[in-house]
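Shown next: protein23.cif, given as mmCIF, C-alpha atoms.
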data_input
#
loop_
_atom_site.label_atom_id
_atom_site.label_comp_id
_atom_site.auth_asym_id
_atom_site.auth_seq_id
_atom_site.Cartn_x
_atom_site.Cartn_y
_atom_site.Cartn_z
CA MET A 252 -5.76 -28.14 -23.22
CA LEU A 253 -3.14 -30.27 -24.98
CA LEU A 254 -2.37 -29.67 -28.61
CA CYS A 255 -1.18 -32.51 -30.88
CA ARG A 256 0.62 -32.28 -34.18
CA MET A 257 1.64 -34.92 -36.67
CA ALA A 258 5.25 -34.34 -35.73
CA GLY A 259 4.52 -35.24 -32.12
CA ARG A 260 3.21 -33.85 -28.90
CA ASP A 261 3.32 -30.05 -28.54
CA GLU A 262 3.58 -27.88 -25.45
CA PRO A 263 0.30 -27.24 -23.57
CA ASP A 264 -1.37 -23.87 -23.60
CA PRO A 265 -0.18 -21.89 -20.56
CA GLY A 266 -2.46 -21.49 -17.60
CA VAL A 267 -3.95 -18.25 -16.27
CA LEU A 268 -2.74 -16.38 -13.20
CA THR A 269 -5.68 -14.84 -11.31
CA LEU A 270 -5.11 -12.31 -8.55
CA ALA A 271 -8.10 -12.60 -6.21
CA ALA A 272 -8.86 -9.87 -3.69
CA VAL A 273 -10.18 -11.24 -0.41
CA PRO A 274 -12.06 -9.47 2.41
CA ILE A 275 -10.05 -7.17 4.68
CA GLY A 276 -12.28 -8.10 7.60
CA ARG A 277 -15.55 -9.97 7.50
CA ALA A 278 -15.74 -13.18 5.46
CA GLU A 279 -19.28 -12.25 4.38
CA ASP A 280 -17.83 -9.37 2.34
CA ALA A 281 -16.51 -11.96 -0.12
CA SER A 282 -18.18 -12.00 -3.52
CA ALA A 283 -19.92 -15.00 -5.06
CA ALA A 284 -17.26 -14.92 -7.78
CA LEU A 285 -14.49 -15.36 -5.18
CA ALA A 286 -16.29 -18.32 -3.63
CA ALA A 287 -16.67 -19.91 -7.07
CA GLU A 288 -12.97 -19.38 -7.87
CA LEU A 289 -11.89 -20.94 -4.58
CA ALA A 290 -14.10 -23.97 -5.28
CA ARG A 291 -12.81 -24.55 -8.82
CA ALA A 292 -9.12 -23.74 -8.23
CA THR A 293 -6.54 -26.48 -8.67
CA ILE A 294 -3.58 -24.47 -7.32
CA ILE A 295 -3.93 -21.69 -4.75
CA ALA A 296 -0.87 -19.64 -3.81
CA ALA A 297 -1.72 -18.14 -0.41
CA GLU A 298 0.14 -15.79 1.90
CA ASP A 299 -1.19 -17.89 4.79
CA THR A 300 -2.73 -21.27 3.98
CA ARG A 301 -4.54 -21.30 7.33
CA ARG A 302 -6.23 -18.02 6.44
CA VAL A 303 -7.51 -19.26 3.08
CA ARG A 304 -8.81 -22.45 4.72
CA TRP A 305 -10.69 -20.30 7.25
CA LEU A 306 -12.14 -18.16 4.46
CA ALA A 307 -13.25 -21.20 2.47
CA ALA A 308 -14.89 -22.76 5.54
CA SER A 309 -16.66 -19.48 6.30
CA LEU A 310 -18.04 -19.47 2.75
CA ASN A 311 -19.00 -23.15 2.88
CA VAL A 312 -16.54 -23.89 0.10
CA GLU A 313 -14.73 -27.21 -0.11
CA LEU A 314 -11.17 -26.66 -1.27
CA ARG A 315 -9.83 -29.20 -3.75
CA ALA A 316 -6.79 -27.17 -4.71
CA ARG A 317 -3.16 -27.80 -3.91
CA LEU A 318 -2.25 -25.04 -1.44
CA VAL A 319 1.14 -23.38 -1.80
CA SER A 320 2.52 -21.02 0.84
CA TYR A 321 3.49 -17.77 -0.84
CA TYR A 322 4.69 -15.18 1.67
CA ASP A 323 7.47 -12.58 1.69
CA ALA A 324 10.32 -14.83 2.82
CA VAL A 325 9.71 -17.46 0.13
CA GLU A 326 8.22 -15.29 -2.62
CA THR A 327 11.24 -15.33 -4.92
CA ARG A 328 11.79 -19.09 -4.63
CA ARG A 329 8.13 -20.06 -4.96
CA ALA A 330 7.54 -17.72 -7.90
CA ALA A 331 9.75 -19.88 -10.12
CA ALA A 332 7.83 -23.06 -9.24
CA LEU A 333 4.45 -21.40 -9.76
CA LEU A 334 5.63 -20.01 -13.09
CA ALA A 335 6.53 -23.56 -14.12
CA ASP A 336 3.01 -24.69 -13.18
CA LEU A 337 1.54 -21.94 -15.33
CA LYS A 338 3.75 -22.88 -18.28
CA ALA A 339 2.61 -26.48 -17.87
CA GLY A 340 -0.98 -25.36 -18.46
CA GLN A 341 -2.23 -25.12 -14.88
CA ASP A 342 -4.19 -22.15 -13.60
CA VAL A 343 -3.00 -20.46 -10.41
CA LEU A 344 -5.17 -18.48 -8.01
CA LEU A 345 -3.18 -16.00 -5.90
CA VAL A 346 -4.59 -14.69 -2.61
CA THR A 347 -3.19 -12.84 0.39
CA ASP A 348 -4.31 -12.60 4.01
CA ALA A 349 -6.50 -9.59 3.25
CA GLY A 350 -7.09 -7.22 0.38
CA THR A 351 -5.55 -7.30 -3.08
CA PRO A 352 -2.39 -9.31 -3.93
CA GLY A 353 0.63 -7.20 -4.80
CA ILE A 354 -0.45 -4.16 -2.77
CA SER A 355 2.19 -4.31 -0.02
CA ASP A 356 1.62 -8.06 -0.13
CA PRO A 357 3.29 -10.86 -2.14
CA GLY A 358 2.42 -11.00 -5.82
CA TYR A 359 4.57 -8.56 -7.76
CA ARG A 360 7.36 -11.00 -8.62
CA LEU A 361 5.03 -13.69 -9.92
CA VAL A 362 2.96 -11.21 -11.94
CA ASN A 363 6.10 -9.68 -13.42
CA ALA A 364 7.53 -13.07 -14.39
CA ALA A 365 4.24 -14.26 -15.87
CA ALA A 366 3.80 -11.08 -17.91
CA LYS A 367 7.34 -11.37 -19.32
CA ASP A 368 6.58 -14.92 -20.47
CA GLY A 369 3.35 -13.89 -22.14
CA ILE A 370 1.15 -15.69 -19.63
CA ARG A 371 -2.28 -14.22 -19.13
CA VAL A 372 -2.73 -12.36 -15.85
CA THR A 373 -6.19 -11.34 -14.72
CA ALA A 374 -7.82 -10.18 -11.50
CA LEU A 375 -10.86 -10.85 -9.43
CA PRO A 376 -11.33 -7.33 -8.03
CA GLY A 377 -12.42 -6.62 -4.52
CA PRO A 378 -11.45 -5.00 -1.22
CA SER A 379 -8.34 -2.96 -0.50
CA ALA A 380 -7.51 -1.26 2.79
CA VAL A 381 -5.90 1.56 0.77
CA THR A 382 -9.02 2.71 -1.04
CA THR A 383 -11.32 1.86 1.88
CA ALA A 384 -9.35 4.07 4.28
CA LEU A 385 -9.10 6.83 1.70
CA ALA A 386 -12.86 6.77 1.09
CA VAL A 387 -13.81 7.01 4.77
CA SER A 388 -11.09 9.50 5.72
CA GLY A 389 -12.91 12.61 4.57
CA LEU A 390 -9.64 13.91 3.08
CA PRO A 391 -9.32 14.83 -0.61
CA THR A 392 -9.47 11.76 -2.86
CA ASP A 393 -8.93 13.32 -6.30
CA ARG A 394 -5.15 12.80 -6.04
CA PHE A 395 -3.37 10.47 -3.64
CA CYS A 396 -0.22 8.38 -3.28
CA PHE A 397 0.21 5.04 -1.54
CA GLU A 398 3.47 4.75 0.39
CA GLY A 399 3.06 1.28 1.92
CA PHE A 400 4.99 0.73 5.16
CA PRO A 401 7.41 3.58 5.98
CA PRO A 402 11.10 2.62 6.06
CA ARG A 403 12.29 1.33 9.43
CA ARG A 404 15.77 2.86 9.30
CA ASP A 405 15.78 6.34 10.83
CA GLY A 406 17.78 8.06 8.10
CA GLU A 407 15.82 6.61 5.22
CA ARG A 408 12.57 7.16 7.10
CA GLY A 409 13.38 10.83 7.77
CA ARG A 410 14.30 11.45 4.13
CA ARG A 411 11.09 9.83 2.90
CA PHE A 412 8.91 11.93 5.19
CA ALA A 413 10.82 15.10 4.26
CA GLU A 414 10.19 14.43 0.56
CA LEU A 415 6.49 13.84 1.14
CA ALA A 416 5.96 16.84 3.40
CA ALA A 417 5.55 19.21 0.44
CA ASP A 418 3.45 16.79 -1.66
CA ALA A 419 -0.04 18.14 -2.41
CA ARG A 420 -1.53 14.64 -2.72
CA THR A 421 -3.25 12.82 0.12
CA GLN A 422 -0.89 10.14 1.46
CA VAL A 423 -1.85 6.62 2.52
CA TYR A 424 0.45 4.50 4.68
CA PHE A 425 0.36 1.08 6.30
CA GLU A 426 1.92 0.91 9.76
CA SER A 427 2.16 -1.57 12.59
CA ALA A 428 0.27 -0.76 15.77
CA GLN A 429 3.55 -0.88 17.73
CA ARG A 430 5.21 1.81 15.60
CA LEU A 431 2.16 4.03 15.07
CA ALA A 432 2.86 6.54 17.87
CA ALA A 433 6.47 7.05 16.77
CA THR A 434 5.45 7.42 13.13
CA LEU A 435 2.83 10.04 13.97
CA LYS A 436 5.38 12.01 16.02
CA GLU A 437 7.86 11.96 13.14
CA LEU A 438 5.19 13.00 10.65
CA ALA A 439 4.20 15.87 12.94
CA ILE A 440 7.79 17.09 12.76
CA SER A 441 8.17 16.70 8.98
CA HIS A 442 4.66 17.67 7.87
CA GLY A 443 3.71 20.06 10.66
CA GLU A 444 1.76 19.43 13.85
CA ASP A 445 -1.44 20.91 12.43
CA ARG A 446 -1.55 18.68 9.31
CA ARG A 447 -4.83 16.75 9.20
CA ALA A 448 -4.73 12.96 9.32
CA VAL A 449 -6.91 9.93 9.97
CA VAL A 450 -6.01 6.64 11.66
CA CYS A 451 -8.11 3.71 10.43
CA ARG A 452 -7.86 0.70 12.72
CA GLU A 453 -9.33 -2.76 12.03
CA LEU A 454 -11.31 -1.60 8.98
CA THR A 455 -14.60 -3.50 8.46
CA LYS A 456 -13.89 -5.70 11.50
CA THR A 457 -15.77 -5.92 14.79
CA HIS A 458 -13.53 -3.40 16.56
CA GLU A 459 -13.24 -0.92 13.70
CA GLU A 460 -12.10 2.51 14.84
CA ILE A 461 -11.57 5.68 12.79
CA VAL A 462 -9.81 8.53 14.60
CA ARG A 463 -9.49 11.96 13.01
CA GLY A 464 -7.38 14.93 14.08
CA THR A 465 -4.12 16.75 13.52
CA LEU A 466 -0.87 14.81 13.51
CA ALA A 467 -0.06 16.23 16.93
CA GLU A 468 -3.43 15.18 18.33
CA LEU A 469 -3.18 11.71 16.84
CA ALA A 470 0.38 11.27 18.13
CA ALA A 471 -0.85 12.10 21.64
CA TRP A 472 -3.78 9.70 21.25
CA ALA A 473 -1.58 6.83 20.00
CA GLY A 474 0.95 7.45 22.76
CA SER A 475 -1.64 7.44 25.55
CA GLY A 476 -2.11 3.67 25.55
CA PRO A 477 -1.65 0.48 23.56
CA VAL A 478 -3.04 0.42 20.02
CA ARG A 479 -3.89 -2.95 18.51
CA GLY A 480 -4.87 -4.30 15.12
CA GLU A 481 -4.25 -3.49 11.48
CA ILE A 482 -3.53 0.19 10.86
CA THR A 483 -4.00 2.30 7.73
CA LEU A 484 -2.96 5.93 8.07
CA VAL A 485 -4.23 8.70 5.78
CA VAL A 486 -2.45 12.08 5.84
CA ALA A 487 -3.60 15.24 4.07
CA GLY A 488 -1.39 16.74 1.39
CA LEU A 489 0.03 20.24 1.63
CA ASP A 490 -2.83 22.66 0.89
CA ARG A 491 -2.58 25.89 -1.12
CA VAL A 492 -2.34 28.18 1.90
CA SER A 493 0.43 26.06 3.41
CA ARG A 494 2.24 25.93 0.06
CA ARG A 495 2.18 29.74 -0.16
CA ARG A 496 3.54 30.00 3.36
CA ALA A 497 6.25 27.47 2.55
CA ARG A 498 7.25 29.42 -0.58
CA ALA A 499 7.41 32.61 1.50
CA ARG A 500 9.69 30.90 4.01
CA ASP A 501 11.89 29.68 1.16
CA ARG A 502 12.14 33.21 -0.22
CA ASP A 503 13.21 34.49 3.18
CA ARG A 504 15.78 31.76 3.50
CA LEU A 505 17.18 32.16 -0.02
CA GLY A 506 17.01 35.93 -0.26
CA GLY A 507 14.28 36.32 -2.88
CA PRO A 508 12.35 39.53 -3.66
CA GLY A 509 10.66 40.92 -0.58
CA SER A 510 12.87 39.01 1.85
CA LEU A 511 15.44 40.38 4.27
CA GLY A 512 18.12 39.12 1.94
CA ASP A 513 16.74 40.89 -1.14
CA PRO A 514 19.63 42.59 -2.99
CA ARG A 515 17.34 45.53 -3.78
CA ASP A 516 17.37 46.43 -0.08
CA PHE A 517 21.01 47.49 -0.40
CA PRO A 518 22.47 50.45 -2.35
CA PRO A 519 24.67 49.68 -5.37
CA PRO A 520 28.44 49.90 -4.83
CA ALA A 521 30.10 53.25 -5.54
CA ASP A 522 31.53 53.73 -9.04
CA PRO A 523 35.31 54.05 -8.60
CA GLY A 524 35.48 56.17 -11.76
CA ARG A 525 33.48 58.99 -10.22
#

Final structure tokens representation of the file:
Amino acid sequence: MLLCRMAGRDEPDPGVLTLAAVPIGRAEDASAALAAELARATIIAAEDTRRVRWLAASLNVELRARLVSYYDAVETRRAAALLADLKAGQDVLLVTDAGTPGISDPGYRLVNAAAKDGIRVTALPGPSAVTTALAVSGLPTDRFCFEGFPPRRDGERGRRFAELAADARTQVYFESAQRLAATLKELAISHGEDRRAVVCRELTKTHEEIVRGTLAELAAWAGSGPVRGEITLVVAGLDRVSRRRARARDRDRLGGPGSLGDPRDFPPPADPGR
């Protein structure tokens, strides 16, 4: 809406940035609200414009919006242009290929810039592979951490897994099908072969598969043949029994009470004055 003053034309009210979650598999999982937003949108920033066209066609929605590609490689550059659109009073609908924008998908930079400029940011809630995998995993859900895609560099990757090995929270990762077997082997080394985990493949899609087991068992399964599709990996946190065992090992290593290195196991030095 344009505001006019006696002194001349004023700046328009800024637009609204809406983050719209889209189905992680079946188009029919989309809400009526999402279909309505797609139909009314004038600008849609999409991770893949072909994907949003497919979704709209599946929902019998005619897109009238200007489609803007907004993926990782162009996120920084496109964020500035979309921010200018918002400042000019135009609403922007942000969608990704699947799930919620900003969750290991483009979105953070635009949301951050809009928030700094006082532009309203809202969300159309919906699916997320993170919470879906966590819910079906059967592992504790009261406390969890989302780690996104593990680092690709060996050193950084090893340090990250070592830090998380002693974490009591359930851990959720994204991983490519090609790297899954290697990741499971590394996690079996850092977290222990008997740590429980769940591989969620192609969630909500036709070929959905949920495989449960220990990290060692899952590493053997993933290494036995090609794995395809989108992967979400859920790994149990360190339980109380394991934490007690780990503390006992630390005491042995550091020479705490009750360990082989306990100073109380050795007699005090002789007093030279006696």

Convert the output of the PyMOL selection byres ((chain A and resi 381) around 10) on the shown file into explicit residues, formatted as an NGL selection string.
:A and (350-351 or 354 or 378-380 or 382-386 or 396-399 or 422-425 or 483-485)

Atoms kept (C-alpha atoms) for selection, written as a compact mmCIF listing (two decimals), keeping the file's coordinate frame:
# COMPACT_ATOMS: atom_id res chain seq x y z
CA GLY A 350 -7.09 -7.22 0.38
CA THR A 351 -5.55 -7.30 -3.08
CA ILE A 354 -0.45 -4.16 -2.77
CA PRO A 378 -11.45 -5.00 -1.22
CA SER A 379 -8.34 -2.96 -0.50
CA ALA A 380 -7.51 -1.26 2.79
CA THR A 382 -9.02 2.71 -1.04
CA THR A 383 -11.32 1.86 1.88
CA ALA A 384 -9.35 4.07 4.28
CA LEU A 385 -9.10 6.83 1.70
CA ALA A 386 -12.86 6.77 1.09
CA CYS A 396 -0.22 8.38 -3.28
CA PHE A 397 0.21 5.04 -1.54
CA GLU A 398 3.47 4.75 0.39
CA GLY A 399 3.06 1.28 1.92
CA GLN A 422 -0.89 10.14 1.46
CA VAL A 423 -1.85 6.62 2.52
CA TYR A 424 0.45 4.50 4.68
CA PHE A 425 0.36 1.08 6.30
CA THR A 483 -4.00 2.30 7.73
CA LEU A 484 -2.96 5.93 8.07
CA VAL A 485 -4.23 8.70 5.78

Would you write out, as a PyMOL selection string, every residue that the PyMOL selection byres ((chain A and resi 359-363) around 9) captures in this file?
chain A and resi 268+270+326-327+329-331+333-334+352-354+356-358+364-368+372

List, as a PyMOL selection string, every residue that the PyMOL selection byres ((chain A and resi 403-420) around 8) selects in the file provided.
chain A and resi 394-396+401-402+421-422+437-438+441-442+487-490+494

Mind giving me the straight-line distance from CA of Gly389 (chain A) to CA of Asp280 (chain A) in Å, one decimal?
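It comes out at 22.6 Å.
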
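For the pair CA of Glu426 (chain A) and CA of Val486 (chain A), the separation is 12.6 Å.
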
By how many Å are CA of Leu337 (chain A) and CA of Arg304 (chain A) apart?
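If I compute the distance from CA of Leu337 (chain A) to CA of Arg304 (chain A), I get 22.6 Å.
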
Return the single residue from A:Ala332, A:Leu314, A:Leu289, A:Leu454 that is closest to Gly276 (chain A), with distances computed using only C-alpha atoms.
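Selected residue with least distance to Gly276 (chain A): A:Leu454.
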
Report as a VMD selection string all protein, DNA and RNA residues lying within 10 Å of Arg301 (chain A), evaluated on all atoms listed in the file, omitting residues in the same chain fewer than 6 positions from it.
chain A and resid 307 318 320 348

Shell around Ala473 (chain A) at 9 Å using only C-alpha atoms, local window under 3 positions removed, as JSON, numbers by chain:
{"A": [428, 431, 432, 433, 435, 468, 469, 470, 476, 477, 478]}

Take the residues from that selection and put them in a file with C-alpha atoms, as a CSV table (one decimal), in the coordinates of the input.
chain,number,residue,atom,x,y,z
A,428,ALA,CA,0.3,-0.8,15.8
A,431,LEU,CA,2.2,4.0,15.1
A,432,ALA,CA,2.9,6.5,17.9
A,433,ALA,CA,6.5,7.0,16.8
A,435,LEU,CA,2.8,10.0,14.0
A,468,GLU,CA,-3.4,15.2,18.3
A,469,LEU,CA,-3.2,11.7,16.8
A,470,ALA,CA,0.4,11.3,18.1
A,476,GLY,CA,-2.1,3.7,25.6
A,477,PRO,CA,-1.6,0.5,23.6
A,478,VAL,CA,-3.0,0.4,20.0

What's the 10 Å shell around Arg291 (chain A), counting all atoms listed in the file, without same-chain residues fewer than 6 positions away, as a list in words?
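Listed by chain and then number, they are Val312, Glu313, Leu314, Arg315, Ala316 and Leu344 of chain A.
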
Select, from A:Ile295, A:Thr434, A:Ala287, A:Lys456, the residue with the minimum atom-to-atom distance to Phe400 (chain A), counting all atoms listed in the file.
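Among the listed residues, A:Thr434 lies closest to Phe400 (chain A).
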
Using only C-alpha atoms, can you tell me which of A:Leu345, A:Ala308, A:Val450, A:Val273 comes closest to Ile294 (chain A)?
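Checking each candidate against Ile294 (chain A), we get A:Leu345 as the closest.
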
For Glu288 (chain A): contacts at 9 Å, all atoms listed in the file, fewer than 3 positions along chain excluded, given as a VMD selection string
chain A and resid 271 283 to 285 291 to 292 344 375

From the set A:Asp336, A:Glu298, A:Glu481, A:Asp323, which residue has the shortest atom-to-atom contact distance to Ile461 (chain A), counting all atoms listed in the file?
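The answer is A:Glu481, which sits nearest to Ile461 (chain A).
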
Taking all atoms listed in the file into account, name the residue in A:Ala278, A:Ile440, A:Cys451, A:Val267 that is nearest to Trp305 (chain A).
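That would be A:Ala278, the residue with the smallest distance to Trp305 (chain A).
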